[in-house]
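Below: data-v3.csv (CSV, C-alpha atoms and all ligand atoms)
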```
chain,number,residue,atom,x,y,z
A,1,MET,CA,12.8,17.8,4.0
A,2,GLU,CA,15.0,14.8,3.5
A,3,THR,CA,17.8,15.5,1.1
A,4,MET,CA,19.1,12.0,0.4
A,5,LEU,CA,17.4,10.4,-2.6
A,6,ASP,CA,18.1,6.7,-3.0
A,7,ARG,CA,17.4,5.9,-6.6
A,8,SER,CA,19.0,2.5,-6.5
A,9,GLY,CA,16.2,1.1,-8.5
A,10,ASP,CA,17.0,3.4,-11.5
A,11,ARG,CA,17.6,1.6,-14.8
A,12,GLY,CA,19.9,2.0,-17.7
A,13,GLY,CA,21.9,5.0,-18.7
A,14,ILE,CA,25.0,3.7,-17.1
A,15,GLY,CA,28.1,3.4,-19.3
A,16,GLY,CA,26.1,4.8,-22.3
A,17,ALA,CA,23.5,2.0,-22.3
A,18,ALA,CA,20.2,3.0,-23.8
A,19,ILE,CA,17.4,3.9,-21.3
A,20,PRO,CA,14.3,1.9,-22.1
A,21,GLN,CA,11.0,3.7,-22.7
A,22,PRO,CA,8.9,3.7,-19.5
A,23,LEU,CA,5.4,2.3,-19.7
A,24,LEU,CA,4.3,4.9,-17.2
A,25,ASN,CA,6.0,8.2,-16.7
A,26,VAL,CA,4.9,10.3,-13.8
A,27,CYS,CA,6.8,13.5,-14.2
A,28,ASP,CA,7.1,16.2,-11.4
A,29,THR,CA,3.4,15.7,-10.7
A,30,THR,CA,1.6,17.9,-8.2
A,31,LEU,CA,-1.9,16.8,-7.4
A,32,GLN,CA,-4.5,18.9,-5.5
A,33,TYR,CA,-8.1,18.8,-4.4
A,34,LYS,CA,-9.9,22.0,-4.5
A,35,THR,CA,-12.8,22.2,-2.1
A,36,LYS,CA,-15.1,25.2,-1.4
A,37,ARG,CA,-13.0,26.0,1.7
A,38,GLN,CA,-9.5,25.1,0.7
A,39,ILE,CA,-6.9,23.6,-1.6
A,40,VAL,CA,-5.4,20.4,-0.4
A,41,THR,CA,-2.1,19.5,-2.0
A,42,ALA,CA,-2.0,15.7,-2.0
A,43,THR,CA,1.4,15.2,-3.7
A,44,TYR,CA,4.2,17.6,-4.6
A,45,GLU,CA,6.4,17.2,-7.7
A,46,VAL,CA,6.4,13.4,-7.6
A,47,ASP,CA,8.5,11.8,-10.2
A,48,PHE,CA,8.8,8.1,-11.1
A,49,GLN,CA,8.9,5.7,-14.0
A,50,VAL,CA,7.3,2.3,-14.3
A,51,PHE,CA,8.7,-0.2,-16.9
A,52,PRO,CA,7.0,-3.2,-18.4
A,53,ALA,CA,6.7,-6.1,-16.0
A,54,ASP,CA,7.6,-3.9,-13.0
A,55,ARG,CA,5.7,-4.6,-9.7
A,56,PHE,CA,6.0,-1.0,-8.6
A,57,VAL,CA,4.9,-0.1,-5.1
A,58,LEU,CA,3.9,3.2,-3.7
A,59,LEU,CA,4.6,3.1,0.0
A,60,GLY,CA,4.0,5.8,2.6
A,61,PRO,CA,2.0,6.9,5.6
A,62,SER,CA,-1.7,7.6,5.6
A,63,GLY,CA,-2.6,10.8,3.8
A,64,CYS,CA,0.7,11.0,1.7
A,65,GLY,CA,-1.3,10.8,-1.5
A,66,LYS,CA,-0.8,7.2,-2.6
A,67,SER,CA,-4.5,6.7,-3.6
A,68,THR,CA,-4.5,10.2,-5.2
A,69,LEU,CA,-1.5,9.2,-7.4
A,70,LEU,CA,-3.3,6.0,-8.4
A,71,LYS,CA,-6.4,8.0,-9.3
A,72,ALA,CA,-4.4,10.4,-11.4
A,73,VAL,CA,-2.7,7.5,-13.2
A,74,GLY,CA,-6.2,6.0,-13.7
A,75,GLY,CA,-7.2,9.3,-15.4
A,76,PHE,CA,-9.7,10.3,-12.7
A,77,LEU,CA,-7.8,13.4,-11.6
A,78,SER,CA,-5.5,15.8,-13.6
A,79,PRO,CA,-2.2,17.1,-12.3
A,80,VAL,CA,-2.1,20.9,-11.5
A,81,SER,CA,1.6,20.7,-12.6
A,82,GLY,CA,3.7,18.0,-14.2
A,83,ARG,CA,2.5,15.2,-16.4
A,84,ILE,CA,1.5,11.6,-16.5
A,85,GLU,CA,2.0,9.5,-19.6
A,86,ILE,CA,1.3,6.0,-20.7
A,87,ASN,CA,3.7,4.8,-23.4
A,88,GLY,CA,4.5,8.5,-24.2
A,89,VAL,CA,0.8,9.6,-24.4
A,90,ALA,CA,-0.6,12.0,-21.8
A,91,VAL,CA,-3.2,10.5,-19.6
A,92,ASP,CA,-6.3,12.8,-19.6
A,93,ARG,CA,-9.2,10.3,-18.9
A,94,PRO,CA,-9.8,6.8,-17.7
A,95,GLY,CA,-9.1,4.0,-20.3
A,96,PRO,CA,-9.1,0.2,-20.7
A,97,ASP,CA,-5.3,0.3,-20.7
A,98,ARG,CA,-5.4,1.1,-16.9
A,99,MET,CA,-7.6,-1.2,-14.8
A,100,MET,CA,-8.1,-0.5,-11.1
A,101,VAL,CA,-8.6,-3.1,-8.3
A,102,PHE,CA,-9.8,-1.5,-5.1
A,103,GLN,CA,-9.7,-2.5,-1.5
A,104,GLU,CA,-13.5,-2.7,-1.1
A,105,PHE,CA,-15.0,-6.1,-1.6
A,106,ASP,CA,-18.1,-4.7,-3.1
A,107,GLN,CA,-16.6,-3.6,-6.3
A,108,LEU,CA,-18.4,-6.4,-8.2
A,109,LEU,CA,-21.9,-6.0,-9.6
A,110,PRO,CA,-24.1,-7.9,-7.3
A,111,TRP,CA,-26.7,-8.7,-9.9
A,112,LYS,CA,-24.2,-10.4,-12.2
A,113,THR,CA,-22.6,-13.8,-11.8
A,114,VAL,CA,-18.8,-14.2,-11.4
A,115,ILE,CA,-18.3,-14.9,-15.1
A,116,GLU,CA,-20.6,-12.0,-16.1
A,117,ASN,CA,-18.7,-9.6,-13.8
A,118,ILE,CA,-15.4,-10.5,-15.6
A,119,GLU,CA,-16.9,-10.2,-19.0
A,120,PHE,CA,-18.7,-6.9,-18.3
A,121,PRO,CA,-15.9,-4.3,-18.9
A,122,MET,CA,-14.5,-6.3,-21.9
A,123,VAL,CA,-17.9,-6.1,-23.6
A,124,THR,CA,-19.0,-2.6,-22.6
A,125,SER,CA,-15.6,-1.1,-23.6
A,126,HIS,CA,-15.9,-2.9,-27.0
A,127,LYS,CA,-12.4,-4.0,-26.7
A,128,TYR,CA,-13.4,-7.6,-27.2
A,129,THR,CA,-16.4,-9.3,-29.0
A,130,PRO,CA,-18.8,-11.1,-26.7
A,131,GLU,CA,-17.3,-14.5,-27.8
A,132,GLU,CA,-13.7,-13.3,-27.1
A,133,ALA,CA,-14.9,-11.8,-23.7
A,134,ARG,CA,-16.4,-15.2,-22.7
A,135,GLU,CA,-13.3,-17.1,-23.7
A,136,ARG,CA,-11.0,-14.6,-21.8
A,137,ALA,CA,-13.2,-14.6,-18.8
A,138,GLU,CA,-13.0,-18.4,-18.6
A,139,THR,CA,-9.2,-18.3,-19.0
A,140,PHE,CA,-8.7,-15.8,-16.2
A,141,LEU,CA,-11.2,-17.4,-13.9
A,142,GLU,CA,-9.2,-20.6,-14.3
A,143,LYS,CA,-6.0,-18.7,-13.4
A,144,VAL,CA,-7.5,-17.4,-10.1
A,145,ASN,CA,-8.9,-20.9,-9.4
A,146,LEU,CA,-12.5,-19.9,-9.4
A,147,SER,CA,-13.9,-21.8,-12.4
A,148,LYS,CA,-16.2,-23.8,-10.1
A,149,PHE,CA,-17.8,-20.5,-9.0
A,150,ARG,CA,-18.4,-19.1,-12.5
A,151,ASP,CA,-22.2,-19.0,-12.1
A,152,ALA,CA,-22.2,-17.8,-8.4
A,153,TYR,CA,-23.3,-14.4,-7.4
A,154,PRO,CA,-20.8,-12.2,-5.5
A,155,HIS,CA,-22.7,-12.2,-2.2
A,156,THR,CA,-22.1,-16.0,-1.9
A,157,LEU,CA,-18.3,-15.6,-2.1
A,158,SER,CA,-15.7,-14.9,0.6
A,159,GLY,CA,-13.8,-11.6,0.7
A,160,GLY,CA,-10.7,-13.2,-0.7
A,161,MET,CA,-12.7,-14.9,-3.5
A,162,LYS,CA,-14.3,-11.6,-4.5
A,163,GLN,CA,-10.9,-10.0,-4.6
A,164,ARG,CA,-9.7,-12.7,-6.9
A,165,VAL,CA,-12.7,-12.1,-9.2
A,166,ALA,CA,-11.8,-8.4,-9.2
A,167,ILE,CA,-8.2,-9.2,-10.2
A,168,ALA,CA,-9.4,-11.6,-12.9
A,169,ARG,CA,-11.7,-8.9,-14.2
A,170,GLY,CA,-8.8,-6.4,-14.3
A,171,MET,CA,-6.4,-8.8,-15.9
A,172,ALA,CA,-8.8,-10.1,-18.5
A,173,MET,CA,-9.0,-6.6,-20.0
A,174,GLY,CA,-5.4,-7.0,-21.0
A,175,PRO,CA,-4.5,-3.6,-19.5
A,176,ALA,CA,-1.1,-2.0,-20.0
A,177,ILE,CA,-1.0,-1.6,-16.3
A,178,LEU,CA,-3.0,-2.9,-13.3
A,179,LEU,CA,-3.6,-0.4,-10.6
A,180,MET,CA,-4.1,-1.9,-7.2
A,181,ASP,CA,-5.1,0.3,-4.2
A,182,GLU,CA,-4.4,-1.6,-1.0
A,183,PRO,CA,-6.3,-4.6,-2.4
A,184,PHE,CA,-5.5,-6.9,0.5
A,185,ALA,CA,-5.7,-4.4,3.4
A,186,ALA,CA,-9.1,-5.5,4.6
A,187,LEU,CA,-8.3,-9.3,4.5
A,188,ASP,CA,-7.4,-11.4,7.4
A,189,ALA,CA,-3.7,-12.3,7.7
A,190,LEU,CA,-4.0,-15.8,6.2
A,191,THR,CA,-6.1,-14.7,3.2
A,192,ARG,CA,-3.8,-11.8,2.7
A,193,LEU,CA,-0.8,-14.1,2.6
A,194,LYS,CA,-2.6,-16.4,0.1
A,195,MET,CA,-3.6,-13.4,-2.1
A,196,GLN,CA,-0.1,-12.1,-2.1
A,197,GLN,CA,1.2,-15.5,-3.1
A,198,GLU,CA,-1.4,-15.8,-5.8
A,199,LEU,CA,-0.6,-12.4,-7.2
A,200,LEU,CA,3.1,-13.3,-7.4
A,201,GLN,CA,2.2,-16.7,-9.0
A,202,LEU,CA,0.0,-14.9,-11.6
A,203,TRP,CA,2.8,-12.5,-12.2
A,204,ASP,CA,5.3,-15.3,-12.8
A,205,GLU,CA,3.0,-16.6,-15.5
A,206,LEU,CA,2.0,-13.4,-17.2
A,207,HIS,CA,4.6,-10.8,-16.3
A,208,PHE,CA,2.0,-8.0,-16.2
A,209,THR,CA,2.9,-4.5,-15.0
A,210,VAL,CA,1.3,-3.5,-11.7
A,211,LEU,CA,1.3,-0.3,-9.7
A,212,PHE,CA,0.4,-1.3,-6.1
A,213,VAL,CA,-0.4,0.9,-3.2
A,214,THR,CA,0.3,-0.2,0.4
A,215,HIS,CA,1.2,1.2,3.8
A,216,SER,CA,2.8,-2.1,4.9
A,217,ILE,CA,6.5,-2.1,4.6
A,218,GLN,CA,6.6,-5.9,4.6
A,219,GLU,CA,4.0,-6.2,1.9
A,220,ALA,CA,5.9,-3.6,-0.2
A,221,ILE,CA,9.2,-5.6,0.0
A,222,ILE,CA,7.5,-8.9,-0.7
A,223,LEU,CA,5.4,-7.8,-3.6
A,224,GLY,CA,7.5,-5.0,-5.1
A,225,THR,CA,10.3,-5.2,-7.6
A,226,ARG,CA,10.7,-1.5,-6.9
A,227,ILE,CA,9.4,0.7,-4.1
A,228,LEU,CA,8.8,4.4,-4.1
A,229,VAL,CA,8.8,5.7,-0.6
A,230,LEU,CA,6.8,8.8,-0.1
A,231,SER,CA,7.1,11.4,2.7
A,232,PRO,CA,4.1,12.4,4.8
A,233,HIS,CA,1.5,14.8,3.5
A,234,PRO,CA,1.9,16.3,1.0
A,235,GLY,CA,3.6,13.2,-0.6
A,236,GLN,CA,7.1,13.8,-2.0
A,237,VAL,CA,9.5,11.2,-3.2
A,238,ARG,CA,11.7,10.2,-0.3
A,239,ALA,CA,13.5,7.3,-2.0
A,240,GLU,CA,13.2,4.7,-4.7
A,241,ILE,CA,14.4,1.2,-3.7
A,242,ASN,CA,15.1,-2.0,-5.5
A,243,ALA,CA,13.4,-5.0,-3.9
A,244,HIS,CA,13.8,-7.6,-6.7
A,245,GLU,CA,15.4,-10.2,-4.6
A,246,TYR,CA,12.9,-10.5,-1.8
A,247,SER,CA,9.9,-12.7,-1.4
A,248,HIS,CA,7.9,-14.6,1.3
A,249,GLU,CA,10.5,-17.3,1.3
A,250,ASN,CA,13.4,-15.1,2.4
A,251,GLN,CA,11.6,-12.6,4.6
A,252,THR,CA,13.5,-13.9,7.7
A,253,CYS,CA,16.9,-13.3,6.0
A,254,ASP,CA,19.2,-10.5,7.1
A,255,GLY,CA,18.9,-8.6,3.8
A,256,PHE,CA,15.1,-8.5,4.1
A,257,LYS,CA,15.2,-7.3,7.7
A,258,ALA,CA,17.8,-4.7,7.0
A,259,LEU,CA,15.8,-3.3,4.1
A,260,GLN,CA,12.7,-3.3,6.3
A,261,GLN,CA,14.6,-1.4,9.0
A,262,ARG,CA,16.0,1.0,6.5
A,263,ILE,CA,12.6,1.9,5.1
A,264,HIS,CA,11.2,2.1,8.6
A,265,ASP,CA,13.9,4.5,9.7
A,266,MET,CA,13.5,6.6,6.6
A,267,LEU,CA,9.8,7.0,7.3
A,268,PHE,CA,9.9,7.3,11.0
A,269,ALA,CA,12.8,9.7,11.0
A,270,GLU,CA,10.5,11.9,8.8
A,271,SER,CA,7.6,11.6,11.1
A,272,ALA,CA,9.7,12.1,14.2
A,273,HIS,CA,11.0,15.3,12.6
A,274,ILE,CA,7.4,16.5,11.9
A,275,ALA,CA,5.6,15.3,15.0
A,276,GLY,CA,8.2,15.1,17.8
A,277,ILE,CA,9.2,11.5,18.4
A,278,ARG,CA,5.9,9.8,18.0
A,279,PRO,CA,5.7,7.1,15.2
A,280,GLN,CA,3.7,8.0,12.1
A,281,LYS,CA,0.1,6.9,12.4
A,282,GLY,CA,-1.1,4.6,9.7
A,283,LEU,CA,2.2,3.1,8.7
A,284,ALA,CA,2.5,-0.6,9.4
A,285,HIS,CA,5.9,-2.0,10.4
A,286,ASP,CA,4.6,-5.6,10.4
A,287,ALA,CA,7.8,-7.5,11.2
B,301,LIG,N1,-11.9,14.1,-2.3
B,301,LIG,C1,-11.0,14.7,-1.6
B,301,LIG,N2,-11.2,16.0,-1.3
B,301,LIG,C2,-10.3,16.7,-0.6
B,301,LIG,N3,-9.1,16.2,-0.1
B,301,LIG,C3,-8.9,14.9,-0.3
B,301,LIG,C4,-9.8,14.1,-1.1
B,301,LIG,N4,-9.3,12.8,-1.1
B,301,LIG,C5,-8.1,12.8,-0.5
B,301,LIG,N5,-7.9,14.1,0.0
B,301,LIG,C6,-6.7,14.5,0.8
B,301,LIG,O1,-5.6,14.3,0.0
B,301,LIG,C7,-4.5,13.8,0.8
B,301,LIG,C8,-4.0,12.5,0.2
B,301,LIG,O2,-5.0,11.5,0.4
B,301,LIG,P1,-4.9,10.0,-0.2
B,301,LIG,O3,-6.2,9.3,0.1
B,301,LIG,O4,-4.4,10.0,-1.5
B,301,LIG,O5,-3.7,9.4,0.8
B,301,LIG,P2,-3.2,8.0,1.0
B,301,LIG,O6,-1.8,8.0,1.1
B,301,LIG,O7,-3.8,7.1,0.0
B,301,LIG,O8,-3.9,7.6,2.4
B,301,LIG,P3,-4.4,6.2,3.0
B,301,LIG,O9,-3.2,5.3,3.2
B,301,LIG,O10,-4.9,6.6,4.4
B,301,LIG,O11,-5.4,5.7,2.1
B,301,LIG,C9,-5.0,13.7,2.2
B,301,LIG,O12,-4.7,14.8,2.9
B,301,LIG,C10,-6.5,13.6,2.1
B,301,LIG,O13,-7.2,14.2,3.2
```

Starting from the file, give its structure as structure tokens.
Amino acid sequence: METMLDRSGDRGGIGGAAIPQPLLNVCDTTLQYKTKRQIVTATYEVDFQVFPADRFVLLGPSGCGKSTLLKAVGGFLSPVSGRIEINGVAVDRPGPDRMMVFQEFDQLLPWKTVIENIEFPMVTSHKYTPEEARERAETFLEKVNLSKFRDAYPHTLSGGMKQRVAIARGMAMGPAILLMDEPFAALDALTRLKMQQELLQLWDELHFTVLFVTHSIQEAIILGTRILVLSPHPGQVRAEINAHEYSHENQTCDGFKALQQRIHDMLFAESAHIAGIRPQKGLAHDA
């Protein structure tokens, strides 16, 4: 196991400064699946904190437990040890304070229009009145530039547009944290780039908190303010890295490339250690 732990993204506590309260506290969390045949340990004693307005990225090879961590934060899976808290309160079930956006395009209800899809969770959760829900749905539809498609049905939209509706639906709920599980992985390169830009633009406007899963090093650096690098299965924290200063605009600069290489080496050194010298499958070094 790697011994160096880069926590360069850690906050506060230096020189006696107060450490702010994390919005999300994942504390020594071990997550397992128990099947009839075996117990699969997905993550082992994973520890990280997400603060308000962080764009926090979970990065690691296929099978290291990124989606499982997101599910646990979403309240769909309980830790076998450790704890997960939102604003100091233990997570023990799903709730409207944590909205998920998945990779699958077909996460929208096909029998509802775009505007109805966005309204649906606001109304069914009783967090907003129908009038408030309609108003918020219109506002967020505007933000993702889809007002013209408010009465369209999902099957008439492109993949990127469906994804934007899903993001608008998540954001409109006013969650404490948006959970995004490789939301752009299935998109073509150009749409993916546009979606990344749109997410960053939205963030500039609203400063929401997002926990984002990816296995693309480049995407992690562009989208993340902080990146948690996980080791291969079972996922353990390999490093936590600050990526505040990087974006699409400076991805050709030396600092960006050096960070990309550093993360790459970190992950590939681990996989080489485990599987000879073959690169780890499922990890994109998309230079
Ligand atoms: N429902 C399940 N039952 C049993 N094992 C599971 C289940 N879901 C995931 N696993 C196992 O848990 C481990 C972590 O899976 P997870 O999907 O969280 O990884 P991941 O890092 O998100 O992978 P990917 O990048 O491929 O989506 C893997 O070994 C996987 O096989």

For ligand LIG 301 (chain B), collect every residue having any atom at a distance of at most 9 Å from a ligand atom (counting all atoms listed in the file); output as a PyMOL selection string.
chain A and resi 31-35+38-43+58-71+181-182+213-215+230+232-235+282-283

For the selection just defined, write its residues with C-alpha atoms to a file, as a PDB file, in the coordinates of the input.
```pdb
ATOM      1  CA  LEU A  31      -1.900  16.800  -7.400  1.00  0.00           C
ATOM      2  CA  GLN A  32      -4.500  18.900  -5.500  1.00  0.00           C
ATOM      3  CA  TYR A  33      -8.100  18.800  -4.400  1.00  0.00           C
ATOM      4  CA  LYS A  34      -9.900  22.000  -4.500  1.00  0.00           C
ATOM      5  CA  THR A  35     -12.800  22.200  -2.100  1.00  0.00           C
ATOM      6  CA  GLN A  38      -9.500  25.100   0.700  1.00  0.00           C
ATOM      7  CA  ILE A  39      -6.900  23.600  -1.600  1.00  0.00           C
ATOM      8  CA  VAL A  40      -5.400  20.400  -0.400  1.00  0.00           C
ATOM      9  CA  THR A  41      -2.100  19.500  -2.000  1.00  0.00           C
ATOM     10  CA  ALA A  42      -2.000  15.700  -2.000  1.00  0.00           C
ATOM     11  CA  THR A  43       1.400  15.200  -3.700  1.00  0.00           C
ATOM     12  CA  LEU A  58       3.900   3.200  -3.700  1.00  0.00           C
ATOM     13  CA  LEU A  59       4.600   3.100   0.000  1.00  0.00           C
ATOM     14  CA  GLY A  60       4.000   5.800   2.600  1.00  0.00           C
ATOM     15  CA  PRO A  61       2.000   6.900   5.600  1.00  0.00           C
ATOM     16  CA  SER A  62      -1.700   7.600   5.600  1.00  0.00           C
ATOM     17  CA  GLY A  63      -2.600  10.800   3.800  1.00  0.00           C
ATOM     18  CA  CYS A  64       0.700  11.000   1.700  1.00  0.00           C
ATOM     19  CA  GLY A  65      -1.300  10.800  -1.500  1.00  0.00           C
ATOM     20  CA  LYS A  66      -0.800   7.200  -2.600  1.00  0.00           C
ATOM     21  CA  SER A  67      -4.500   6.700  -3.600  1.00  0.00           C
ATOM     22  CA  THR A  68      -4.500  10.200  -5.200  1.00  0.00           C
ATOM     23  CA  LEU A  69      -1.500   9.200  -7.400  1.00  0.00           C
ATOM     24  CA  LEU A  70      -3.300   6.000  -8.400  1.00  0.00           C
ATOM     25  CA  LYS A  71      -6.400   8.000  -9.300  1.00  0.00           C
ATOM     26  CA  ASP A 181      -5.100   0.300  -4.200  1.00  0.00           C
ATOM     27  CA  GLU A 182      -4.400  -1.600  -1.000  1.00  0.00           C
ATOM     28  CA  VAL A 213      -0.400   0.900  -3.200  1.00  0.00           C
ATOM     29  CA  THR A 214       0.300  -0.200   0.400  1.00  0.00           C
ATOM     30  CA  HIS A 215       1.200   1.200   3.800  1.00  0.00           C
ATOM     31  CA  LEU A 230       6.800   8.800  -0.100  1.00  0.00           C
ATOM     32  CA  PRO A 232       4.100  12.400   4.800  1.00  0.00           C
ATOM     33  CA  HIS A 233       1.500  14.800   3.500  1.00  0.00           C
ATOM     34  CA  PRO A 234       1.900  16.300   1.000  1.00  0.00           C
ATOM     35  CA  GLY A 235       3.600  13.200  -0.600  1.00  0.00           C
ATOM     36  CA  GLY A 282      -1.100   4.600   9.700  1.00  0.00           C
ATOM     37  CA  LEU A 283       2.200   3.100   8.700  1.00  0.00           C
TER      38      LEU A 283
END
```

Contacts of range 143-160 of chain A at 8 Å (only C-alpha atoms; same-chain gap of 3+ positions) as a PyMOL selection string:
chain A and resi 105+108-115+138-140+163-165+168+187+191-192+195+198+202

When you draw a straight line from CA of Leu179 in chain A to CA of Thr252 in chain A, how long is it in Å?
28.5 Å

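The space separating CA of Thr29 in chain A from CA of Ile84 in chain A comes to 7.4 Å.
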
Just give me the gap between CA of Leu24 in chain A and CA of Arg226 in chain A in Å, one decimal is fine.
13.7 Å

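When all atoms listed in the file are used to compute distances to Val73 in chain A, the closest of the residues A:Leu211, A:Pro22, A:Phe120, A:Asp204 turns out to be A:Leu211.
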
Identify the residues within 7 Å of coordinate (0.5, 2.4, -18.9) (same frame as the file), considering all atoms listed in the file, and give the answer as a list in words.
Leu23, Leu24, Ile86, Asn87, Asp97, Arg98, Ala176 and Ile177 of chain A

In terms of the shortest atom-to-atom distance over all atoms listed in the file, which of A:Arg55, A:His248, A:Arg83, A:Arg238 is closest to Phe212 in chain A?
A:Arg55

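In terms of minimum interatomic distance to Glu142 in chain A, A:Ala172 ranks closest within A:Ala243, A:Val123, A:Val101, A:Ala172, counting all atoms listed in the file.
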
Min atom-atom distance to Asp28 in chain A from the set A:Val237, A:Ser125, A:Met99, A:Pro130, counting only C-alpha atoms, belongs to A:Val237

Residue nearest Ala186 in chain A among A:Tyr128, A:Phe102, A:Arg136, A:Ile167 (counting only C-alpha atoms)
A:Phe102

Lys257 in chain A proximity check over A:Thr225, A:Gln197, A:Gln218, A:Ser231, using all atoms listed in the file: winner is A:Gln218
